[in-house]
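Novice: my_file37.cif (mmCIF, C-alpha atoms) pasted underneath:
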```cif
data_input
loop_
_atom_site.group_PDB
_atom_site.id
_atom_site.type_symbol
_atom_site.label_atom_id
_atom_site.label_comp_id
_atom_site.auth_asym_id
_atom_site.auth_seq_id
_atom_site.Cartn_x
_atom_site.Cartn_y
_atom_site.Cartn_z
ATOM 1 C CA MET Q 1 65.448 48.231 -26.120
ATOM 2 C CA THR Q 2 64.522 50.980 -23.661
ATOM 3 C CA SER Q 3 61.117 52.639 -23.540
ATOM 4 C CA VAL Q 4 62.597 55.804 -25.025
ATOM 5 C CA LYS Q 5 64.082 53.917 -27.997
ATOM 6 C CA LEU Q 6 60.820 52.055 -28.597
ATOM 7 C CA ASN Q 7 58.817 55.259 -28.354
ATOM 8 C CA LEU Q 8 61.178 57.063 -30.728
ATOM 9 C CA ASP Q 9 60.984 54.321 -33.354
ATOM 10 C CA GLU Q 10 57.182 54.423 -33.182
ATOM 11 C CA LEU Q 11 57.086 58.219 -33.357
ATOM 12 C CA LEU Q 12 59.435 58.395 -36.353
ATOM 13 C CA GLY Q 13 57.223 55.913 -38.177
ATOM 14 C CA ARG Q 14 54.149 58.018 -37.488
ATOM 15 C CA ILE Q 15 55.984 61.167 -38.573
ATOM 16 C CA ASP Q 16 57.001 59.540 -41.844
ATOM 17 C CA ARG Q 17 53.448 58.370 -42.589
ATOM 18 C CA ALA Q 18 52.036 61.823 -41.831
ATOM 19 C CA ALA Q 19 54.685 63.479 -44.004
ATOM 20 C CA GLN Q 20 53.863 61.197 -46.915
ATOM 21 C CA LYS Q 21 50.296 62.538 -46.870
ATOM 22 C CA SER Q 22 51.687 65.954 -47.807
ATOM 23 C CA GLY Q 23 54.142 64.636 -50.369
ATOM 24 C CA ARG Q 24 57.206 64.624 -48.116
ATOM 25 C CA THR Q 25 59.262 62.191 -46.071
ATOM 26 C CA GLY Q 26 59.838 62.047 -42.341
ATOM 27 C CA GLN Q 27 63.453 63.072 -42.902
ATOM 28 C CA GLU Q 28 62.187 66.525 -43.896
ATOM 29 C CA VAL Q 29 60.680 67.011 -40.420
ATOM 30 C CA THR Q 30 63.007 68.060 -37.594
ATOM 31 C CA PHE Q 31 62.258 66.130 -34.395
ATOM 32 C CA VAL Q 32 62.689 68.193 -31.230
ATOM 33 C CA ALA Q 33 62.547 66.276 -27.947
ATOM 34 C CA VAL Q 34 60.939 68.345 -25.198
ATOM 35 C CA THR Q 35 62.573 67.521 -21.876
ATOM 36 C CA LYS Q 36 60.252 69.439 -19.556
ATOM 37 C CA HIS Q 37 59.326 66.355 -17.481
ATOM 38 C CA ALA Q 38 62.244 64.101 -18.433
ATOM 39 C CA SER Q 39 65.116 63.023 -16.215
ATOM 40 C CA VAL Q 40 68.727 63.419 -17.296
ATOM 41 C CA ALA Q 41 68.953 59.627 -17.629
ATOM 42 C CA ALA Q 42 65.973 59.574 -20.008
ATOM 43 C CA ILE Q 43 67.422 62.457 -22.048
ATOM 44 C CA LEU Q 44 70.704 60.565 -22.386
ATOM 45 C CA GLU Q 45 68.727 57.514 -23.555
ATOM 46 C CA ALA Q 46 67.070 59.642 -26.213
ATOM 47 C CA GLN Q 47 70.432 60.992 -27.313
ATOM 48 C CA GLN Q 48 71.853 57.469 -27.548
ATOM 49 C CA ALA Q 49 68.799 56.493 -29.621
ATOM 50 C CA GLY Q 50 69.629 59.195 -32.148
ATOM 51 C CA VAL Q 51 67.859 62.367 -30.992
ATOM 52 C CA ARG Q 52 70.051 65.398 -31.643
ATOM 53 C CA VAL Q 53 67.770 68.353 -30.856
ATOM 54 C CA PHE Q 54 66.244 68.958 -27.423
ATOM 55 C CA ALA Q 55 64.121 71.724 -25.926
ATOM 56 C CA GLU Q 56 63.346 73.099 -22.498
ATOM 57 C CA ASN Q 57 60.609 75.436 -21.282
ATOM 58 C CA ARG Q 58 62.355 76.923 -18.278
ATOM 59 C CA VAL Q 59 65.835 78.370 -17.868
ATOM 60 C CA GLN Q 60 66.032 77.058 -14.298
ATOM 61 C CA ASP Q 61 65.559 73.454 -15.454
ATOM 62 C CA ALA Q 62 67.933 73.961 -18.376
ATOM 63 C CA LEU Q 63 70.680 75.109 -16.028
ATOM 64 C CA GLU Q 64 70.523 71.711 -14.338
ATOM 65 C CA LYS Q 65 70.103 69.480 -17.399
ATOM 66 C CA ILE Q 66 72.043 70.962 -20.302
ATOM 67 C CA PRO Q 67 75.556 70.703 -18.772
ATOM 68 C CA GLN Q 68 74.918 66.952 -18.342
ATOM 69 C CA ILE Q 69 73.991 66.367 -22.012
ATOM 70 C CA PRO Q 70 77.110 67.113 -24.094
ATOM 71 C CA GLY Q 71 76.934 67.368 -27.860
ATOM 72 C CA ALA Q 72 73.234 68.204 -28.141
ATOM 73 C CA GLU Q 73 71.499 71.179 -29.743
ATOM 74 C CA TRP Q 74 69.144 72.960 -27.345
ATOM 75 C CA HIS Q 75 66.111 75.115 -28.119
ATOM 76 C CA MET Q 76 64.355 77.437 -25.672
ATOM 77 C CA ILE Q 77 60.619 76.961 -26.220
ATOM 78 C CA GLY Q 78 58.992 78.605 -23.207
ATOM 79 C CA HIS Q 79 58.139 82.218 -22.504
ATOM 80 C CA LEU Q 80 61.387 83.976 -21.649
ATOM 81 C CA GLN Q 81 61.452 86.706 -19.015
ATOM 82 C CA THR Q 82 63.892 89.491 -19.821
ATOM 83 C CA ASN Q 83 65.823 88.944 -16.587
ATOM 84 C CA LYS Q 84 66.618 85.373 -17.733
ATOM 85 C CA ILE Q 85 67.979 86.333 -21.168
ATOM 86 C CA LYS Q 86 71.641 86.370 -20.160
ATOM 87 C CA ALA Q 87 71.463 82.899 -18.626
ATOM 88 C CA ALA Q 88 69.487 81.551 -21.589
ATOM 89 C CA LEU Q 89 72.032 82.854 -24.085
ATOM 90 C CA GLY Q 90 74.670 80.750 -22.388
ATOM 91 C CA LEU Q 91 72.575 77.589 -22.668
ATOM 92 C CA PHE Q 92 70.527 77.538 -25.864
ATOM 93 C CA GLN Q 93 71.494 77.615 -29.540
ATOM 94 C CA TYR Q 94 67.951 78.524 -30.680
ATOM 95 C CA PHE Q 95 65.139 80.569 -29.149
ATOM 96 C CA GLN Q 96 61.856 79.209 -30.516
ATOM 97 C CA ALA Q 97 59.513 81.460 -28.629
ATOM 98 C CA VAL Q 98 60.355 85.092 -29.348
ATOM 99 C CA ASP Q 99 56.892 86.457 -28.655
ATOM 100 C CA SER Q 100 57.282 90.255 -28.675
ATOM 101 C CA VAL Q 101 59.310 93.024 -30.265
ATOM 102 C CA ARG Q 102 60.423 94.063 -26.780
ATOM 103 C CA LEU Q 103 61.908 90.630 -26.099
ATOM 104 C CA ALA Q 104 63.656 90.610 -29.474
ATOM 105 C CA ARG Q 105 65.186 94.017 -28.734
ATOM 106 C CA GLU Q 106 66.370 92.922 -25.289
ATOM 107 C CA ILE Q 107 67.988 89.786 -26.742
ATOM 108 C CA ASN Q 108 69.608 91.830 -29.479
ATOM 109 C CA ALA Q 109 71.024 94.346 -26.994
ATOM 110 C CA GLN Q 110 72.697 91.594 -24.981
ATOM 111 C CA LEU Q 111 74.166 90.017 -28.119
ATOM 112 C CA VAL Q 112 75.703 93.190 -29.556
ATOM 113 C CA PRO Q 113 78.850 93.044 -27.373
ATOM 114 C CA GLU Q 114 79.373 89.404 -28.425
ATOM 115 C CA SER Q 115 79.052 90.191 -32.150
ATOM 116 C CA ARG Q 116 77.051 87.029 -32.767
ATOM 117 C CA ALA Q 117 73.654 86.398 -34.250
ATOM 118 C CA LEU Q 118 71.064 84.189 -32.567
ATOM 119 C CA PRO Q 119 68.694 82.006 -34.626
ATOM 120 C CA VAL Q 120 65.106 82.518 -33.461
ATOM 121 C CA LEU Q 121 61.572 81.550 -34.364
ATOM 122 C CA LEU Q 122 58.712 83.973 -33.824
ATOM 123 C CA GLU Q 123 55.866 82.619 -31.725
ATOM 124 C CA VAL Q 124 52.396 83.272 -33.127
ATOM 125 C CA ASN Q 125 49.303 82.928 -30.946
ATOM 126 C CA ILE Q 126 47.198 80.730 -33.235
ATOM 127 C CA SER Q 127 44.993 79.391 -30.441
ATOM 128 C CA GLY Q 128 43.257 82.670 -29.669
ATOM 129 C CA GLU Q 129 43.689 81.865 -25.970
ATOM 130 C CA LYS Q 130 44.575 85.004 -24.030
ATOM 131 C CA GLN Q 131 46.711 83.126 -21.504
ATOM 132 C CA LYS Q 132 49.124 82.076 -24.256
ATOM 133 C CA PHE Q 133 51.964 84.225 -25.492
ATOM 134 C CA GLY Q 134 52.811 85.174 -29.049
ATOM 135 C CA PHE Q 135 52.197 87.692 -31.800
ATOM 136 C CA GLU Q 136 48.641 88.034 -33.019
ATOM 137 C CA PRO Q 137 48.444 86.558 -36.553
ATOM 138 C CA ASP Q 138 47.236 89.848 -38.036
ATOM 139 C CA ASN Q 139 49.863 91.950 -36.254
ATOM 140 C CA ILE Q 140 52.994 89.916 -36.830
ATOM 141 C CA TYR Q 141 53.848 91.580 -40.148
ATOM 142 C CA SER Q 142 54.407 95.030 -38.648
ATOM 143 C CA ALA Q 143 56.356 93.412 -35.799
ATOM 144 C CA VAL Q 144 58.590 91.674 -38.336
ATOM 145 C CA ASP Q 145 59.404 95.042 -39.891
ATOM 146 C CA GLU Q 146 60.796 96.131 -36.520
ATOM 147 C CA ILE Q 147 62.609 92.872 -35.763
ATOM 148 C CA LYS Q 148 64.307 92.868 -39.168
ATOM 149 C CA LYS Q 149 66.129 96.046 -38.087
ATOM 150 C CA LEU Q 150 67.910 94.181 -35.284
ATOM 151 C CA THR Q 151 71.479 93.277 -36.153
ATOM 152 C CA GLN Q 152 71.963 90.191 -33.950
ATOM 153 C CA ILE Q 153 68.636 88.407 -34.509
ATOM 154 C CA GLU Q 154 68.361 85.826 -37.290
ATOM 155 C CA VAL Q 155 64.708 84.945 -37.890
ATOM 156 C CA LEU Q 156 64.434 81.417 -39.300
ATOM 157 C CA GLY Q 157 60.740 80.663 -38.961
ATOM 158 C CA VAL Q 158 57.633 80.675 -36.842
ATOM 159 C CA MET Q 159 56.177 78.459 -34.142
ATOM 160 C CA GLY Q 160 52.749 78.032 -32.626
ATOM 161 C CA ILE Q 161 50.653 75.968 -30.234
ATOM 162 C CA ALA Q 162 47.199 74.697 -31.167
ATOM 163 C CA PRO Q 163 44.214 75.404 -28.906
ATOM 164 C CA ASN Q 164 43.723 73.158 -25.899
ATOM 165 C CA THR Q 165 40.869 71.097 -27.278
ATOM 166 C CA GLU Q 166 40.123 67.517 -28.268
ATOM 167 C CA ASP Q 167 38.515 68.778 -31.473
ATOM 168 C CA VAL Q 168 41.021 67.767 -34.148
ATOM 169 C CA GLU Q 169 39.522 70.079 -36.733
ATOM 170 C CA LEU Q 170 39.938 73.125 -34.494
ATOM 171 C CA ARG Q 171 43.598 72.232 -34.109
ATOM 172 C CA ARG Q 172 43.891 71.700 -37.839
ATOM 173 C CA ALA Q 173 42.370 75.130 -38.478
ATOM 174 C CA ALA Q 174 44.962 76.707 -36.162
ATOM 175 C CA PHE Q 175 47.779 74.956 -38.012
ATOM 176 C CA LYS Q 176 46.379 76.140 -41.340
ATOM 177 C CA LYS Q 177 46.394 79.679 -39.956
ATOM 178 C CA LEU Q 178 50.061 79.435 -38.981
ATOM 179 C CA ARG Q 179 50.960 77.943 -42.337
ATOM 180 C CA GLY Q 180 49.260 80.941 -43.941
ATOM 181 C CA VAL Q 181 51.352 83.331 -41.852
ATOM 182 C CA PHE Q 182 54.477 81.352 -42.742
ATOM 183 C CA THR Q 183 53.652 81.571 -46.449
ATOM 184 C CA VAL Q 184 53.152 85.345 -46.351
ATOM 185 C CA LEU Q 185 56.358 85.864 -44.358
ATOM 186 C CA LYS Q 186 58.261 83.837 -46.940
ATOM 187 C CA SER Q 187 57.687 86.684 -49.383
ATOM 188 C CA MET Q 188 59.315 89.212 -47.038
ATOM 189 C CA LYS Q 189 63.028 89.721 -47.637
ATOM 190 C CA GLY Q 190 65.781 90.572 -45.192
ATOM 191 C CA GLU Q 191 69.486 90.001 -44.634
ATOM 192 C CA ARG Q 192 68.849 87.895 -41.531
ATOM 193 C CA PHE Q 193 65.323 86.798 -42.319
ATOM 194 C CA GLN Q 194 64.265 83.557 -43.981
ATOM 195 C CA MET Q 195 61.316 81.289 -43.379
ATOM 196 C CA LYS Q 196 63.005 77.918 -42.970
ATOM 197 C CA TYR Q 197 61.106 76.327 -40.088
ATOM 198 C CA LEU Q 198 57.379 75.941 -39.495
ATOM 199 C CA SER Q 199 57.419 74.608 -35.943
ATOM 200 C CA MET Q 200 54.039 73.229 -34.938
ATOM 201 C CA GLY Q 201 52.765 69.976 -33.510
ATOM 202 C CA MET Q 202 53.238 68.323 -30.113
ATOM 203 C CA SER Q 203 52.563 64.879 -28.634
ATOM 204 C CA ASP Q 204 48.794 64.988 -29.187
ATOM 205 C CA ASP Q 205 48.671 66.630 -32.605
ATOM 206 C CA PHE Q 206 51.988 66.372 -34.462
ATOM 207 C CA GLU Q 207 50.511 64.196 -37.224
ATOM 208 C CA VAL Q 208 47.824 66.766 -38.033
ATOM 209 C CA ALA Q 209 50.453 69.517 -37.908
ATOM 210 C CA ILE Q 210 52.695 67.651 -40.354
ATOM 211 C CA GLU Q 211 49.765 67.072 -42.691
ATOM 212 C CA GLU Q 212 49.293 70.862 -42.655
ATOM 213 C CA GLY Q 213 52.931 71.586 -43.496
ATOM 214 C CA SER Q 214 54.920 71.480 -40.265
ATOM 215 C CA ASN Q 215 58.601 70.675 -40.730
ATOM 216 C CA MET Q 216 59.512 70.803 -37.034
ATOM 217 C CA VAL Q 217 57.633 69.042 -34.228
ATOM 218 C CA ARG Q 218 58.153 69.380 -30.471
ATOM 219 C CA VAL Q 219 57.419 66.084 -28.714
ATOM 220 C CA GLY Q 220 57.935 65.347 -25.035
ATOM 221 C CA ARG Q 221 55.369 63.157 -23.292
ATOM 222 C CA ALA Q 222 54.982 60.693 -26.176
ATOM 223 C CA LEU Q 223 58.749 60.182 -26.285
ATOM 224 C CA PHE Q 224 59.492 59.839 -22.611
ATOM 225 C CA ALA Q 225 56.385 57.924 -21.486
ATOM 226 C CA LYS Q 226 57.107 54.555 -19.890
ATOM 227 C CA LYS Q 227 55.982 51.531 -21.870
ATOM 228 C CA LYS Q 228 53.425 49.447 -19.988
#
```
Let me see whether you can do it: turn the structure in this file into structure tokens.
Specialist:
Amino acid sequence: MTSVKLNLDELLGRIDRAAQKSGRTGQEVTFVAVTKHASVAAILEAQQAGVRVFAENRVQDALEKIPQIPGAEWHMIGHLQTNKIKAALGLFQYFQAVDSVRLAREINAQLVPESRALPVLLEVNISGEKQKFGFEPDNIYSAVDEIKKLTQIEVLGVMGIAPNTEDVELRRAAFKKLRGVFTVLKSMKGERFQMKYLSMGMSDDFEVAIEEGSNMVRVGRALFAKKK
């Protein structure tokens, strides 16, 4: 077996064990393979091993990779500049990192002529780090009121990134915060608004995230790392 296949089997086992701690199974957690540092060959290996959902951080890299990976679902997970929206709409089926009302409005405006709705997740800044993008946890509710007015945006959940620290409990606290936001948003109704996905957890912390309720993890390095 290839390194990617071996890594995937190990990761799925860890996901299942973490899910069991919160009374779920690994099948209830969507696995998103982040291809930021992966070659096309490695991505194809992952697809052959059973991965169906992939994600990229940058439109420029996606333009090169996505046409070479037929049959996959692609999520945009990086900060999206408004001048890249048109290109991104032609590449990705999901935008996971809608981080401002302005961006949501710009996306909506470009979708109106196509008469199609785009599934998105709202990014929440749960780390408290100013260099990271996302809605502030306390301000997201008023932002949602504005986004719910947009006719071509379908909000299906929230995503967040834990603080850059080796302190597991600080990461856990951030995930608890996002789960709290997710729970409150679940009570808000809208025609194109439902809290389906709680996207949190990456290579270093996906098990903690799953224990705290994540049902979508974004894993790159741990999947594509070469076995020694």
Novice: Quick one: residues within 12 Å of region 80-92 of chain Q, only C-alpha atoms counted, chain neighbours fewer than 3 positions away excluded, as number ranges by chain?
Specialist: Q: 53-70, 72-77, 95-111, 114, 116-120, 123, 133-134
Novice: Could you please take those selected residues and save C-alpha atoms as a CSV table (one decimal), keeping the file's coordinate frame?
Specialist:
```
chain,number,residue,atom,x,y,z
Q,53,VAL,CA,67.8,68.4,-30.9
Q,54,PHE,CA,66.2,69.0,-27.4
Q,55,ALA,CA,64.1,71.7,-25.9
Q,56,GLU,CA,63.3,73.1,-22.5
Q,57,ASN,CA,60.6,75.4,-21.3
Q,58,ARG,CA,62.4,76.9,-18.3
Q,59,VAL,CA,65.8,78.4,-17.9
Q,60,GLN,CA,66.0,77.1,-14.3
Q,61,ASP,CA,65.6,73.5,-15.5
Q,62,ALA,CA,67.9,74.0,-18.4
Q,63,LEU,CA,70.7,75.1,-16.0
Q,64,GLU,CA,70.5,71.7,-14.3
Q,65,LYS,CA,70.1,69.5,-17.4
Q,66,ILE,CA,72.0,71.0,-20.3
Q,67,PRO,CA,75.6,70.7,-18.8
Q,68,GLN,CA,74.9,67.0,-18.3
Q,69,ILE,CA,74.0,66.4,-22.0
Q,70,PRO,CA,77.1,67.1,-24.1
Q,72,ALA,CA,73.2,68.2,-28.1
Q,73,GLU,CA,71.5,71.2,-29.7
Q,74,TRP,CA,69.1,73.0,-27.3
Q,75,HIS,CA,66.1,75.1,-28.1
Q,76,MET,CA,64.4,77.4,-25.7
Q,77,ILE,CA,60.6,77.0,-26.2
Q,95,PHE,CA,65.1,80.6,-29.1
Q,96,GLN,CA,61.9,79.2,-30.5
Q,97,ALA,CA,59.5,81.5,-28.6
Q,98,VAL,CA,60.4,85.1,-29.3
Q,99,ASP,CA,56.9,86.5,-28.7
Q,100,SER,CA,57.3,90.3,-28.7
Q,101,VAL,CA,59.3,93.0,-30.3
Q,102,ARG,CA,60.4,94.1,-26.8
Q,103,LEU,CA,61.9,90.6,-26.1
Q,104,ALA,CA,63.7,90.6,-29.5
Q,105,ARG,CA,65.2,94.0,-28.7
Q,106,GLU,CA,66.4,92.9,-25.3
Q,107,ILE,CA,68.0,89.8,-26.7
Q,108,ASN,CA,69.6,91.8,-29.5
Q,109,ALA,CA,71.0,94.3,-27.0
Q,110,GLN,CA,72.7,91.6,-25.0
Q,111,LEU,CA,74.2,90.0,-28.1
Q,114,GLU,CA,79.4,89.4,-28.4
Q,116,ARG,CA,77.1,87.0,-32.8
Q,117,ALA,CA,73.7,86.4,-34.2
Q,118,LEU,CA,71.1,84.2,-32.6
Q,119,PRO,CA,68.7,82.0,-34.6
Q,120,VAL,CA,65.1,82.5,-33.5
Q,123,GLU,CA,55.9,82.6,-31.7
Q,133,PHE,CA,52.0,84.2,-25.5
Q,134,GLY,CA,52.8,85.2,-29.0
```
Novice: Got a sec to resolve the PyMOL selection byres ((chain Q and resi 22-36) around 6) on this structure and send the residues as a PyMOL selection string?
Specialist: chain Q and resi 15-16+19-21+37-38+53-56+211+215-220
Novice: Return the single residue from Q:Glu45, Q:Glu154, Q:Glu129, Q:Asp138 that is closest to Glu191 (chain Q), with distances computed using all atoms listed in the file.
Specialist: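 Under the stated criterion, the closest residue is Q:Glu154.
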Novice: Got a sec to resolve the PyMOL selection byres ((chain Q and resi 49) around 9) on this structure and send the residues as a list in words?
Specialist: Val4, Lys5, Leu8, Asp9, Leu44, Glu45, Ala46, Gln47, Gln48, Gly50 and Val51 of chain Q
Novice: Check what the PyMOL selection byres ((chain Q and resi 155) around 8) selects in the file above and give those residues as JSON, numbers by chain.
Specialist: {"Q": [119, 120, 121, 122, 153, 154, 156, 157, 192, 193, 194, 195]}
Novice: Write out as a ChimeraX atom specification which residues come within 7 Å of Glu212 (chain Q) when counting only C-alpha atoms, dropping same-chain ones fewer than 2 positions away.
Specialist: /Q:175-176,208-210,214
Novice: Work out how far apart CA of Met159 (chain Q) and CA of Thr183 (chain Q) are and give it in Å to one decimal.
Specialist: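 A separation of 12.9 Å between them.
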Novice: Near Pro163 (chain Q), within 10 Å and counting all atoms listed in the file, which residues show up once chain neighbours fewer than 2 positions away are dropped, as an MDAnalysis selection string?
Specialist: chainID Q and resid 125:129 132 160:161 165:168 170:175
Novice: Could you write out that same residue set with C-alpha atoms as a PDB file, in the coordinates of the input?
Specialist:
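The resulting file, result22.pdb, is shown below:
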```pdb
ATOM      1  CA  ASN Q 125      49.303  82.928 -30.946  1.00  0.00           C
ATOM      2  CA  ILE Q 126      47.198  80.730 -33.235  1.00  0.00           C
ATOM      3  CA  SER Q 127      44.993  79.391 -30.441  1.00  0.00           C
ATOM      4  CA  GLY Q 128      43.257  82.670 -29.669  1.00  0.00           C
ATOM      5  CA  GLU Q 129      43.689  81.865 -25.970  1.00  0.00           C
ATOM      6  CA  LYS Q 132      49.124  82.076 -24.256  1.00  0.00           C
ATOM      7  CA  GLY Q 160      52.749  78.032 -32.626  1.00  0.00           C
ATOM      8  CA  ILE Q 161      50.653  75.968 -30.234  1.00  0.00           C
ATOM      9  CA  THR Q 165      40.869  71.097 -27.278  1.00  0.00           C
ATOM     10  CA  GLU Q 166      40.123  67.517 -28.268  1.00  0.00           C
ATOM     11  CA  ASP Q 167      38.515  68.778 -31.473  1.00  0.00           C
ATOM     12  CA  VAL Q 168      41.021  67.767 -34.148  1.00  0.00           C
ATOM     13  CA  LEU Q 170      39.938  73.125 -34.494  1.00  0.00           C
ATOM     14  CA  ARG Q 171      43.598  72.232 -34.109  1.00  0.00           C
ATOM     15  CA  ARG Q 172      43.891  71.700 -37.839  1.00  0.00           C
ATOM     16  CA  ALA Q 173      42.370  75.130 -38.478  1.00  0.00           C
ATOM     17  CA  ALA Q 174      44.962  76.707 -36.162  1.00  0.00           C
ATOM     18  CA  PHE Q 175      47.779  74.956 -38.012  1.00  0.00           C
TER      19      PHE Q 175
END
```
Novice: For a test of reading the model, state the distance in Å between CA of Ser142 (chain Q) and CA of Asp205 (chain Q), rounded to one decimal.
Specialist: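 Going from CA of Ser142 (chain Q) over to CA of Asp205 (chain Q) covers 29.6 Å.
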Novice: For a test of reading the model, state the distance in Å between CA of Arg179 (chain Q) and CA of Asn139 (chain Q), rounded to one decimal.
Specialist: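 Spanning CA of Arg179 (chain Q) to CA of Asn139 (chain Q) is a straight-line distance of 15.3 Å.
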Novice: Using the file's own x, y and z axes, what box holds all listed atoms of region 179-183 of chain Q with 8 Å on each side, keeping edges along x, y and z, and what are its centre and edge lengths in Å to one decimal, as AutoDock Vina command-line options?
Specialist:
```
--center_x 51.9 --center_y 80.6 --center_z -44.2 --size_x 21.2 --size_y 21.4 --size_z 20.6
```
Novice: Mind completing region 31-38 of chain Q with all heavy atoms? Output as a PDB file, in the coordinates of the input, please?
Specialist:
```pdb
ATOM      1  N   PHE Q  31      62.837  66.649 -35.640  1.00  0.00           N
ATOM      2  CA  PHE Q  31      62.258  66.130 -34.395  1.00  0.00           C
ATOM      3  C   PHE Q  31      62.955  66.799 -33.217  1.00  0.00           C
ATOM      4  O   PHE Q  31      64.161  66.680 -33.055  1.00  0.00           O
ATOM      5  CB  PHE Q  31      62.436  64.617 -34.319  1.00  0.00           C
ATOM      6  CG  PHE Q  31      61.803  63.981 -33.109  1.00  0.00           C
ATOM      7  CD1 PHE Q  31      60.493  63.531 -33.157  1.00  0.00           C
ATOM      8  CD2 PHE Q  31      62.515  63.846 -31.928  1.00  0.00           C
ATOM      9  CE1 PHE Q  31      59.903  62.947 -32.037  1.00  0.00           C
ATOM     10  CE2 PHE Q  31      61.928  63.264 -30.806  1.00  0.00           C
ATOM     11  CZ  PHE Q  31      60.617  62.822 -30.866  1.00  0.00           C
ATOM     12  N   VAL Q  32      62.166  67.521 -32.421  1.00  0.00           N
ATOM     13  CA  VAL Q  32      62.689  68.193 -31.230  1.00  0.00           C
ATOM     14  C   VAL Q  32      62.108  67.499 -29.998  1.00  0.00           C
ATOM     15  O   VAL Q  32      60.891  67.431 -29.826  1.00  0.00           O
ATOM     16  CB  VAL Q  32      62.311  69.687 -31.228  1.00  0.00           C
ATOM     17  CG1 VAL Q  32      62.869  70.369 -29.981  1.00  0.00           C
ATOM     18  CG2 VAL Q  32      62.824  70.379 -32.489  1.00  0.00           C
ATOM     19  N   ALA Q  33      62.983  66.974 -29.155  1.00  0.00           N
ATOM     20  CA  ALA Q  33      62.547  66.276 -27.947  1.00  0.00           C
ATOM     21  C   ALA Q  33      62.411  67.269 -26.798  1.00  0.00           C
ATOM     22  O   ALA Q  33      63.393  67.899 -26.396  1.00  0.00           O
ATOM     23  CB  ALA Q  33      63.547  65.186 -27.577  1.00  0.00           C
ATOM     24  N   VAL Q  34      61.207  67.406 -26.294  1.00  0.00           N
ATOM     25  CA  VAL Q  34      60.939  68.345 -25.198  1.00  0.00           C
ATOM     26  C   VAL Q  34      61.194  67.645 -23.868  1.00  0.00           C
ATOM     27  O   VAL Q  34      60.573  66.630 -23.550  1.00  0.00           O
ATOM     28  CB  VAL Q  34      59.489  68.861 -25.274  1.00  0.00           C
ATOM     29  CG1 VAL Q  34      59.196  69.789 -24.097  1.00  0.00           C
ATOM     30  CG2 VAL Q  34      59.251  69.578 -26.597  1.00  0.00           C
ATOM     31  N   THR Q  35      62.094  68.200 -23.080  1.00  0.00           N
ATOM     32  CA  THR Q  35      62.573  67.521 -21.876  1.00  0.00           C
ATOM     33  C   THR Q  35      61.962  68.054 -20.582  1.00  0.00           C
ATOM     34  O   THR Q  35      62.474  67.788 -19.503  1.00  0.00           O
ATOM     35  CB  THR Q  35      64.113  67.635 -21.789  1.00  0.00           C
ATOM     36  OG1 THR Q  35      64.487  69.023 -21.716  1.00  0.00           O
ATOM     37  CG2 THR Q  35      64.767  67.010 -23.015  1.00  0.00           C
ATOM     38  N   LYS Q  36      60.864  68.774 -20.711  1.00  0.00           N
ATOM     39  CA  LYS Q  36      60.252  69.439 -19.556  1.00  0.00           C
ATOM     40  C   LYS Q  36      60.065  68.503 -18.359  1.00  0.00           C
ATOM     41  O   LYS Q  36      60.346  68.882 -17.218  1.00  0.00           O
ATOM     42  CB  LYS Q  36      58.898  70.027 -19.976  1.00  0.00           C
ATOM     43  CG  LYS Q  36      58.173  70.785 -18.883  1.00  0.00           C
ATOM     44  CD  LYS Q  36      56.872  71.366 -19.405  1.00  0.00           C
ATOM     45  CE  LYS Q  36      56.120  72.122 -18.321  1.00  0.00           C
ATOM     46  NZ  LYS Q  36      54.837  72.690 -18.821  1.00  0.00           N
ATOM     47  N   HIS Q  37      59.582  67.284 -18.589  1.00  0.00           N
ATOM     48  CA  HIS Q  37      59.326  66.355 -17.481  1.00  0.00           C
ATOM     49  C   HIS Q  37      60.265  65.149 -17.515  1.00  0.00           C
ATOM     50  O   HIS Q  37      59.994  64.140 -16.843  1.00  0.00           O
ATOM     51  CB  HIS Q  37      57.879  65.877 -17.530  1.00  0.00           C
ATOM     52  CG  HIS Q  37      56.873  66.983 -17.375  1.00  0.00           C
ATOM     53  ND1 HIS Q  37      56.787  67.763 -16.248  1.00  0.00           N
ATOM     54  CD2 HIS Q  37      55.917  67.452 -18.224  1.00  0.00           C
ATOM     55  CE1 HIS Q  37      55.820  68.654 -16.390  1.00  0.00           C
ATOM     56  NE2 HIS Q  37      55.280  68.494 -17.583  1.00  0.00           N
ATOM     57  N   ALA Q  38      61.339  65.237 -18.272  1.00  0.00           N
ATOM     58  CA  ALA Q  38      62.244  64.101 -18.433  1.00  0.00           C
ATOM     59  C   ALA Q  38      63.450  64.206 -17.506  1.00  0.00           C
ATOM     60  O   ALA Q  38      63.975  65.293 -17.258  1.00  0.00           O
ATOM     61  CB  ALA Q  38      62.710  64.000 -19.881  1.00  0.00           C
TER      62      ALA Q  38
END
```
